[in-house]
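Text of query13.cif (mmCIF, C-alpha atoms and all ligand atoms) as supplied:
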```cif
data_protein
loop_
_atom_site.label_atom_id
_atom_site.label_comp_id
_atom_site.auth_asym_id
_atom_site.auth_seq_id
_atom_site.Cartn_x
_atom_site.Cartn_y
_atom_site.Cartn_z
CA MET D 1 -6.23 5.62 21.14
CA ARG D 2 -5.28 2.12 22.23
CA VAL D 3 -1.85 0.48 22.42
CA TYR D 4 -1.67 -3.33 22.39
CA TRP D 5 1.23 -5.15 24.03
CA HIS D 6 2.20 -8.76 24.86
CA ASP D 7 5.05 -9.66 27.26
CA GLU D 8 6.14 -12.57 25.05
CA ALA D 9 7.64 -9.97 22.74
CA LEU D 10 10.61 -9.79 25.11
CA ALA D 11 11.30 -13.55 25.11
CA HIS D 12 12.46 -13.84 21.48
CA ASP D 13 16.26 -13.84 21.96
CA THR D 14 18.05 -13.11 18.72
CA GLY D 15 21.55 -13.24 20.21
CA ALA D 16 24.58 -11.07 19.58
CA GLY D 17 27.40 -10.80 17.11
CA MET D 18 28.42 -8.51 14.29
CA PHE D 19 25.15 -6.69 13.62
CA ASP D 20 22.76 -9.36 12.24
CA GLN D 21 25.52 -11.74 11.11
CA GLY D 22 26.11 -13.63 14.36
CA PRO D 23 29.40 -14.01 16.23
CA THR D 24 32.81 -13.68 14.59
CA PRO D 25 36.24 -14.19 16.19
CA LEU D 26 37.28 -10.89 14.62
CA ILE D 27 35.09 -8.95 17.06
CA GLU D 28 35.98 -8.80 20.75
CA VAL D 29 32.87 -6.92 21.91
CA PRO D 30 29.78 -8.12 20.03
CA GLU D 31 26.60 -6.08 19.76
CA LEU D 32 23.03 -7.27 20.12
CA HIS D 33 21.28 -8.46 16.98
CA PRO D 34 19.57 -5.31 15.68
CA GLU D 35 16.09 -6.83 16.14
CA ASN D 36 16.36 -7.11 19.93
CA SER D 37 13.89 -6.68 22.77
CA GLU D 38 15.60 -3.54 24.06
CA ARG D 39 14.38 -1.48 21.14
CA ILE D 40 10.72 -2.10 21.92
CA ARG D 41 11.24 -1.82 25.67
CA ASN D 42 12.37 1.71 24.92
CA ILE D 43 9.33 2.43 22.74
CA ARG D 44 7.15 1.09 25.55
CA SER D 45 8.84 3.25 28.18
CA MET D 46 8.71 6.31 25.93
CA LEU D 47 4.95 5.93 25.43
CA ARG D 48 4.39 5.28 29.14
CA LYS D 49 6.50 8.17 30.38
CA GLY D 50 6.45 10.71 27.55
CA PRO D 51 4.03 13.64 27.33
CA ILE D 52 1.69 11.62 25.09
CA VAL D 53 0.88 9.23 27.96
CA SER D 54 -2.52 10.73 28.80
CA HIS D 55 -3.78 10.02 25.27
CA LEU D 56 -2.99 6.30 25.35
CA GLU D 57 -4.96 3.40 26.77
CA TRP D 58 -2.91 0.19 27.19
CA HIS D 59 -4.40 -3.23 26.48
CA ASP D 60 -3.02 -6.76 26.67
CA GLY D 61 -2.64 -8.73 23.47
CA ARG D 62 -3.12 -12.47 23.01
CA TYR D 63 -1.77 -15.45 21.07
CA ALA D 64 -2.87 -16.06 17.49
CA THR D 65 -4.58 -19.35 16.80
CA ARG D 66 -3.46 -21.81 14.16
CA GLU D 67 -6.57 -20.98 12.09
CA GLU D 68 -5.71 -17.28 12.20
CA LEU D 69 -2.16 -17.87 10.97
CA GLU D 70 -3.66 -19.82 8.06
CA LEU D 71 -5.42 -16.64 6.93
CA VAL D 72 -2.26 -15.90 4.93
CA HIS D 73 0.27 -18.68 5.70
CA ALA D 74 0.58 -22.21 4.32
CA PRO D 75 -0.03 -24.97 6.92
CA ALA D 76 3.31 -26.65 6.18
CA TYR D 77 5.09 -23.33 6.67
CA ILE D 78 3.50 -22.84 10.11
CA ASP D 79 4.65 -26.37 11.05
CA SER D 80 8.18 -25.59 9.87
CA ILE D 81 8.40 -22.47 12.05
CA GLU D 82 7.19 -24.35 15.11
CA ALA D 83 9.73 -27.12 14.46
CA ALA D 84 12.56 -24.66 13.87
CA CYS D 85 11.86 -22.95 17.20
CA ALA D 86 11.62 -26.28 19.05
CA GLY D 87 14.90 -27.48 17.57
CA SER D 88 16.70 -24.30 18.32
CA PRO D 89 18.87 -22.47 18.42
CA GLY D 90 17.76 -22.45 14.81
CA ILE D 91 18.36 -20.25 11.84
CA LEU D 92 15.41 -19.49 9.56
CA THR D 93 17.52 -17.30 7.30
CA GLN D 94 21.03 -16.03 7.82
CA ALA D 95 19.77 -12.98 9.73
CA THR D 96 16.70 -14.58 11.36
CA PRO D 97 17.64 -16.76 14.35
CA VAL D 98 15.10 -18.40 16.69
CA VAL D 99 15.13 -19.97 20.16
CA PRO D 100 12.38 -22.06 21.85
CA ALA D 101 10.69 -18.92 23.22
CA SER D 102 10.45 -17.47 19.70
CA TRP D 103 7.38 -19.61 18.97
CA GLY D 104 5.36 -18.01 21.78
CA ALA D 105 6.69 -14.60 20.79
CA ALA D 106 5.62 -15.09 17.17
CA LEU D 107 2.13 -16.23 18.22
CA GLY D 108 1.95 -13.30 20.65
CA SER D 109 3.05 -10.83 17.99
CA ALA D 110 0.47 -12.02 15.44
CA GLY D 111 -2.31 -12.37 18.02
CA THR D 112 -1.66 -8.95 19.51
CA ALA D 113 -1.75 -7.43 16.03
CA LEU D 114 -5.11 -9.14 15.50
CA SER D 115 -6.40 -7.88 18.88
CA ALA D 116 -5.63 -4.31 17.86
CA THR D 117 -7.43 -4.84 14.55
CA GLU D 118 -10.46 -6.46 16.21
CA ALA D 119 -10.83 -3.47 18.56
CA VAL D 120 -10.89 -1.08 15.60
CA LEU D 121 -13.28 -3.27 13.59
CA ALA D 122 -15.62 -3.57 16.60
CA GLY D 123 -15.68 0.20 17.01
CA ASP D 124 -14.10 0.03 20.47
CA CYS D 125 -11.61 2.63 19.27
CA ASP D 126 -10.77 4.43 16.02
CA VAL D 127 -7.01 4.00 16.24
CA ALA D 128 -4.92 1.16 17.67
CA TYR D 129 -1.16 0.60 17.69
CA ALA D 130 0.21 -2.93 18.09
CA LEU D 131 3.66 -2.64 19.71
CA VAL D 132 4.75 -6.11 18.63
CA ARG D 133 7.87 -8.15 18.00
CA PRO D 134 9.08 -10.08 16.01
CA PRO D 135 8.11 -7.85 13.08
CA GLY D 136 6.15 -9.22 10.14
CA HIS D 137 6.31 -7.44 6.80
CA HIS D 138 9.04 -9.60 5.21
CA ALA D 139 7.29 -12.89 6.12
CA GLN D 140 5.74 -14.42 3.01
CA PRO D 141 3.01 -17.09 2.82
CA ALA D 142 5.62 -19.85 2.94
CA GLN D 143 8.99 -18.19 3.68
CA ALA D 144 10.48 -16.45 6.73
CA ASP D 145 12.66 -13.47 5.89
CA GLY D 146 14.42 -10.45 7.36
CA TYR D 147 13.76 -11.05 11.12
CA CYS D 148 10.06 -11.82 10.35
CA LEU D 149 8.17 -15.08 11.07
CA PHE D 150 4.47 -14.28 10.51
CA SER D 151 3.08 -11.49 8.35
CA ASN D 152 1.27 -9.43 11.00
CA ALA D 153 -0.03 -6.60 8.81
CA ALA D 154 -1.25 -9.05 6.16
CA LEU D 155 -3.06 -11.13 8.81
CA CYS D 156 -4.85 -7.99 9.98
CA ALA D 157 -5.83 -6.93 6.46
CA GLU D 158 -7.17 -10.40 5.70
CA LEU D 159 -9.08 -10.55 9.01
CA ALA D 160 -10.72 -7.23 8.14
CA ARG D 161 -11.75 -8.59 4.73
CA ARG D 162 -13.31 -11.68 6.35
CA ARG D 163 -15.15 -9.42 8.78
CA GLY D 164 -16.81 -7.49 5.98
CA ILE D 165 -14.51 -4.58 5.16
CA GLU D 166 -14.65 -4.52 1.34
CA ARG D 167 -11.32 -2.86 0.62
CA VAL D 168 -8.26 -2.61 2.87
CA ALA D 169 -5.13 -0.53 2.29
CA VAL D 170 -1.73 -1.39 3.78
CA VAL D 171 0.80 1.45 3.67
CA ASP D 172 4.29 0.44 4.76
CA TRP D 173 6.79 3.17 5.69
CA ASP D 174 9.39 0.82 7.19
CA VAL D 175 12.66 1.59 5.37
CA HIS D 176 12.70 -1.88 3.78
CA HIS D 177 10.42 -3.21 1.10
CA GLY D 178 7.29 -4.90 2.49
CA ASN D 179 7.91 -7.94 0.29
CA GLY D 180 5.97 -10.33 2.50
CA THR D 181 2.81 -8.22 2.44
CA GLN D 182 3.26 -7.73 -1.30
CA GLU D 183 3.35 -11.47 -1.89
CA CYS D 184 0.33 -12.17 0.35
CA PHE D 185 -1.91 -9.94 -1.80
CA TRP D 186 -0.14 -10.15 -5.20
CA THR D 187 -3.27 -11.13 -7.18
CA ARG D 188 -5.86 -9.41 -4.99
CA PRO D 189 -7.90 -6.40 -6.11
CA ASP D 190 -9.43 -5.90 -2.65
CA VAL D 191 -6.22 -5.16 -0.72
CA ALA D 192 -4.00 -2.32 -1.93
CA THR D 193 -0.40 -2.53 -0.74
CA ILE D 194 1.86 0.53 -0.91
CA SER D 195 5.45 0.32 0.33
CA PHE D 196 7.87 3.22 0.84
CA HIS D 197 11.43 1.91 0.97
CA MET D 198 15.07 2.62 0.36
CA ARG D 199 16.66 1.24 -2.79
CA HIS D 200 19.18 -0.79 -0.85
CA GLY D 201 20.53 -3.52 -3.09
CA SER D 202 20.39 -7.24 -2.43
CA TRP D 203 21.27 -8.67 0.98
CA GLY D 204 21.98 -12.13 -0.40
CA PRO D 205 19.89 -15.03 -1.64
CA HIS D 206 17.44 -14.91 1.28
CA HIS D 207 16.70 -11.23 0.89
CA PRO D 208 17.08 -10.17 -2.72
CA GLN D 209 16.29 -6.60 -3.66
CA THR D 210 12.62 -6.35 -4.52
CA GLY D 211 10.28 -3.37 -4.52
CA ALA D 212 10.75 -1.88 -7.98
CA PRO D 213 7.92 0.28 -9.33
CA ASP D 214 7.09 -2.27 -12.05
CA GLU D 215 6.15 -4.92 -9.45
CA LEU D 216 2.45 -4.18 -9.84
CA GLY D 217 0.71 -7.42 -8.89
CA ASP D 218 -0.94 -9.84 -11.28
CA GLY D 219 -4.37 -10.72 -12.62
CA ASP D 220 -7.18 -8.83 -10.90
CA GLY D 221 -4.63 -7.41 -8.50
CA ARG D 222 -2.55 -5.70 -11.20
CA GLY D 223 -1.91 -2.08 -10.24
CA ARG D 224 -2.97 -2.61 -6.62
CA ASN D 225 0.64 -3.26 -5.54
CA VAL D 226 2.56 0.00 -5.44
CA ASN D 227 6.26 0.38 -4.71
CA ILE D 228 7.74 3.78 -3.86
CA GLU D 229 11.44 3.01 -4.11
CA LEU D 230 13.30 6.08 -2.88
CA PRO D 231 17.01 6.94 -3.13
CA VAL D 232 19.33 6.87 -0.12
CA GLY D 233 19.05 10.02 1.99
CA THR D 234 15.59 11.05 0.80
CA GLY D 235 14.69 12.83 4.06
CA ASP D 236 11.47 14.33 5.46
CA GLU D 237 10.51 16.37 2.41
CA GLY D 238 10.82 13.46 0.01
CA TYR D 239 8.56 11.31 2.18
CA ARG D 240 6.00 14.14 2.40
CA ARG D 241 5.98 14.52 -1.38
CA ALA D 242 5.67 10.78 -1.99
CA TRP D 243 2.70 10.61 0.35
CA ALA D 244 1.01 13.63 -1.26
CA ARG D 245 1.65 12.61 -4.86
CA VAL D 246 1.23 8.82 -4.67
CA VAL D 247 -0.50 7.58 -1.51
CA GLU D 248 -3.14 10.29 -1.22
CA PRO D 249 -4.55 10.20 -4.77
CA LEU D 250 -4.34 6.42 -5.16
CA LEU D 251 -6.10 5.71 -1.89
CA ALA D 252 -8.67 8.43 -2.52
CA ALA D 253 -9.59 6.47 -5.65
CA PHE D 254 -9.41 3.10 -3.86
CA ASP D 255 -11.55 4.34 -0.93
CA PRO D 256 -10.52 1.69 1.63
CA GLY D 257 -12.57 0.83 4.70
CA LEU D 258 -9.51 0.24 6.89
CA LEU D 259 -5.98 1.65 6.76
CA VAL D 260 -3.17 -0.52 8.16
CA ILE D 261 0.22 1.15 8.56
CA ALA D 262 3.31 -1.07 8.69
CA CYS D 263 5.00 1.36 10.99
CA GLY D 264 8.77 1.07 11.23
CA GLN D 265 11.16 3.76 12.43
CA ASP D 266 14.17 2.53 10.46
CA ALA D 267 13.88 5.36 7.93
CA SER D 268 15.13 7.59 10.76
CA GLN D 269 18.26 9.70 10.52
CA TYR D 270 20.02 7.53 13.15
CA ASP D 271 19.12 3.99 12.18
CA PRO D 272 21.90 1.41 11.77
CA ASN D 273 19.82 -0.44 9.18
CA GLY D 274 18.58 2.47 7.04
CA ARG D 275 20.02 5.54 5.39
CA MET D 276 16.98 7.73 4.76
CA CYS D 277 17.48 10.62 7.20
CA VAL D 278 13.85 11.03 8.33
CA SER D 279 13.62 13.09 11.53
CA MET D 280 10.97 13.24 14.24
CA ALA D 281 9.27 16.01 12.25
CA GLY D 282 8.99 13.68 9.27
CA PHE D 283 7.47 10.89 11.34
CA ARG D 284 5.05 13.37 12.92
CA ASP D 285 3.88 14.37 9.44
CA LEU D 286 3.53 10.74 8.33
CA GLY D 287 1.39 10.01 11.39
CA ALA D 288 -0.81 13.03 10.67
CA ALA D 289 -1.14 12.06 7.01
CA ALA D 290 -2.23 8.53 7.95
CA ARG D 291 -4.87 9.89 10.32
CA ARG D 292 -6.20 12.33 7.70
CA LEU D 293 -6.52 9.51 5.19
CA ALA D 294 -8.26 7.20 7.68
CA ASP D 295 -10.67 9.98 8.63
CA ALA D 296 -11.41 10.83 4.99
CA HIS D 297 -11.98 7.27 3.73
CA CYS D 298 -12.15 4.69 6.53
CA ASN D 299 -14.51 6.19 9.12
CA GLY D 300 -11.35 6.84 11.09
CA ARG D 301 -10.36 3.16 11.23
CA LEU D 302 -6.57 3.05 11.53
CA VAL D 303 -4.28 0.25 12.76
CA LEU D 304 -0.55 0.88 13.24
CA MET D 305 1.68 -2.18 13.27
CA GLN D 306 5.20 -2.05 14.72
CA GLU D 307 7.80 -3.23 12.20
CA GLY D 308 11.53 -2.40 12.15
CA GLY D 309 13.34 0.47 13.86
CA TYR D 310 16.83 -0.32 15.12
CA GLY D 311 18.15 2.91 16.58
CA ARG D 312 17.65 1.65 20.11
CA THR D 313 16.79 5.05 21.62
CA TYR D 314 15.94 7.32 18.70
CA SER D 315 13.29 4.91 17.35
CA ALA D 316 11.33 5.50 20.56
CA TYR D 317 11.41 9.26 19.96
CA CYS D 318 10.29 8.74 16.37
CA MET D 319 7.37 6.59 17.50
CA HIS D 320 6.33 9.23 20.03
CA ALA D 321 6.42 11.80 17.21
CA THR D 322 4.40 9.46 14.94
CA LEU D 323 1.64 9.26 17.54
CA GLU D 324 1.76 13.05 18.07
CA GLY D 325 0.89 13.26 14.38
CA VAL D 326 -1.80 10.60 14.56
CA LEU D 327 -3.41 12.28 17.57
CA GLY D 328 -2.98 15.83 16.27
CA THR D 329 -1.38 17.07 19.47
CA GLY D 330 1.28 19.13 17.71
CA PRO D 331 4.92 18.65 18.74
CA LEU D 332 5.15 17.53 22.38
CA LEU D 333 8.76 16.40 22.42
CA ASP D 334 11.84 18.09 20.98
CA ASP D 335 14.10 16.14 18.66
CA PRO D 336 17.10 15.43 20.94
CA LEU D 337 19.44 14.61 18.08
CA ALA D 338 18.74 17.74 16.08
CA TYR D 339 17.82 17.85 12.49
CA LEU D 340 19.70 16.92 9.37
CA PRO D 341 18.72 19.49 6.76
CA ASP D 342 17.82 18.22 3.33
CA ASP D 343 20.92 18.90 1.27
CA ARG D 344 20.24 17.54 -2.14
CA ASP D 345 23.25 18.54 -4.22
CA ARG D 346 25.15 15.37 -3.20
CA GLY D 347 28.25 17.38 -2.48
CA ASP D 348 28.55 19.26 -5.79
CA ALA D 349 28.36 22.70 -4.16
CA ALA D 350 30.86 21.69 -1.47
CA ILE D 351 33.33 20.37 -4.06
CA ALA D 352 32.96 23.54 -6.14
CA ALA D 353 33.64 25.66 -3.03
CA VAL D 354 36.86 23.74 -2.28
CA LEU D 355 38.07 24.03 -5.85
CA ALA D 356 37.25 27.75 -5.93
CA ALA D 357 39.20 28.28 -2.71
CA VAL D 358 42.34 26.30 -3.61
CA GLY D 359 42.24 26.93 -7.37
CA PRO D 360 44.35 30.15 -7.32
CA TYR D 361 47.22 28.25 -5.65
CA TRP D 362 47.32 25.27 -8.07
CA SER D 363 47.91 25.52 -11.79
CA GLY D 364 45.06 24.16 -13.91
CA ILE D 365 42.56 23.77 -11.01
CA SER D 366 39.30 25.68 -11.05
CA ALA D 367 35.76 25.18 -9.80
ZN ZN L 401 12.81 -2.44 8.14
#
```

So that I can check it, write out the structure of this file as structure tokens.
Amino acid sequence: MRVYWHDEALAHDTGAGMFDQGPTPLIEVPELHPENSERIRNIRSMLRKGPIVSHLEWHDGRYATREELELVHAPAYIDSIEAACAGSPGILTQATPVVPASWGAALGSAGTALSATEAVLAGDCDVAYALVRPPGHHAQPAQADGYCLFSNAALCAELARRRGIERVAVVDWDVHHGNGTQECFWTRPDVATISFHMRHGSWGPHHPQTGAPDELGDGDGRGRNVNIELPVGTGDEGYRRAWARVVEPLLAAFDPGLLVIACGQDASQYDPNGRMCVSMAGFRDLGAAARRLADAHCNGRLVLMQEGGYGRTYSAYCMHATLEGVLGTGPLLDDPLAYLPDDRDRGDAAIAAVLAAVGPYWSGISA
């Protein structure tokens, strides 16, 4: 399989502060903004040095053209992003800062995503992974959001439609709702969008909670937008079940010609921005499930798009595991941070055990 990369990804400097909130005098030692270049440098090094290396063929990406961005974005919005970068340091939303180099990075991210898609559509490879940054799935036709400037996965789906693929499916397993992709195809019957995400509550006016199951799309697109909103701590088994019971039957009926995966690692058990407890084994299974679906319905055509993933080292392990699943190699790398077992009683059994133990020594206390 191919991996597409563009060096501009490293130039987008999002700064440092208190997580994604910028500097505060209360904090003496700030941390990098969670969407930083180090996280994808580690994914790159993992895929270049890990045991999967012999399966991967690296290719350079390119810049997107203005016309390509207009596949899903409003012209005035594209102008506003260019101006915000030029006038920087700028703030697109509270958590989405830009600097002058962010413009080239955003064009490189979108163009590299399109390069990966073009290679799959041309039959140069069955599977391509675009290791891009900034991410895209929160970017809407006319609104930046959640660290995202241009909607990379949506651009790729729309390109495939214009190149003759009749139906395209976008499955998003980033831990956050793919609200940008949802909005791009809200009324469209020809692009099915399915987002797995954590029910996380609103992050303020720029990133309200969306992604409820009754957000179905409108008009001819009604029912083609599918939201799998999962509770905090769902874990590997919950993701497996959601894929088997929702994604597999719906996309078997939809029979897409291309599968695009919005591929974040922030559902991992060690992500500062997610609380879903998915381990390397879970990501390996998701990768395998995506490949099975692409083989069954899309002549093998599968594009993986890098989205979030903020555990700066563990995300790289999760991406390696994802590609082990996609390539069917079986486990090649052990999970270095062990495994959090699914423990679904939310503490009830533990509380009962405490009460049973101390109960005899306290009047009126029992399990
Ligand atoms: Zn995310």

D:Met319, D:Ala86, D:Ala289, D:Val99: which is nearest Ala11 (chain D), counting all atoms listed in the file?
->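 Result for the nearest residue to Ala11 (chain D): D:Val99.
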
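Here CA of Gln182 (chain D) stands at a distance of 13.2 Å from CA of Asp145 (chain D).
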
Could you name the residues that touch Glu82 (chain D) at 12 Å or less, counting all atoms listed in the file, but leaving out those on the same chain fewer than 5 positions away, as a PDB file with C-alpha atoms, in the coordinates of the input?
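The resulting file, selection.pdb, is reproduced below:
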```pdb
ATOM      1  CA  ARG D  66      -3.460 -21.810  14.160  1.00  0.00           C
ATOM      2  CA  PRO D  75      -0.030 -24.970   6.920  1.00  0.00           C
ATOM      3  CA  ALA D  76       3.310 -26.650   6.180  1.00  0.00           C
ATOM      4  CA  TYR D  77       5.090 -23.330   6.670  1.00  0.00           C
ATOM      5  CA  GLY D  87      14.900 -27.480  17.570  1.00  0.00           C
ATOM      6  CA  SER D  88      16.700 -24.300  18.320  1.00  0.00           C
ATOM      7  CA  GLY D  90      17.760 -22.450  14.810  1.00  0.00           C
ATOM      8  CA  LEU D  92      15.410 -19.490   9.560  1.00  0.00           C
ATOM      9  CA  VAL D  98      15.100 -18.400  16.690  1.00  0.00           C
ATOM     10  CA  VAL D  99      15.130 -19.970  20.160  1.00  0.00           C
ATOM     11  CA  PRO D 100      12.380 -22.060  21.850  1.00  0.00           C
ATOM     12  CA  ALA D 101      10.690 -18.920  23.220  1.00  0.00           C
ATOM     13  CA  SER D 102      10.450 -17.470  19.700  1.00  0.00           C
ATOM     14  CA  TRP D 103       7.380 -19.610  18.970  1.00  0.00           C
ATOM     15  CA  GLY D 104       5.360 -18.010  21.780  1.00  0.00           C
ATOM     16  CA  ALA D 105       6.690 -14.600  20.790  1.00  0.00           C
ATOM     17  CA  ALA D 106       5.620 -15.090  17.170  1.00  0.00           C
ATOM     18  CA  LEU D 107       2.130 -16.230  18.220  1.00  0.00           C
ATOM     19  CA  ALA D 144      10.480 -16.450   6.730  1.00  0.00           C
ATOM     20  CA  LEU D 149       8.170 -15.080  11.070  1.00  0.00           C
ATOM     21  CA  PHE D 150       4.470 -14.280  10.510  1.00  0.00           C
TER      22      PHE D 150
END
```

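Rounded to one decimal, CA of His176 (chain D) and CA of Arg301 (chain D) lie 24.8 Å from each other.
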
Taking into account all atoms listed in the file, which residue in the set D:Tyr361, D:Ala316, D:Val72, D:Ile194 is nearest to Asn42 (chain D)?
-> D:Ala316

Taking all atoms listed in the file into account, report as a PyMOL selection string which residues have an atom no farther than 10 Å from an atom of ligand ZN 401 (chain L).
-> chain D and resi 35+135-138+146-147+172-178+197-198+262-267+271+273-274+307-310

Å distance separating CA of Ser109 (chain D) from CA of Arg240 (chain D), one decimal place =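 Result for CA of Ser109 (chain D) versus CA of Arg240 (chain D): 29.6 Å, one decimal.
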
Check the smallest atom-to-atom distance from each of D:Leu56, D:Leu258, D:Ile365, D:Leu131 to Arg167 (chain D) using only C-alpha atoms, then report the winner.
->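 Answer, going by the shortest atom-to-atom distance: D:Leu258.
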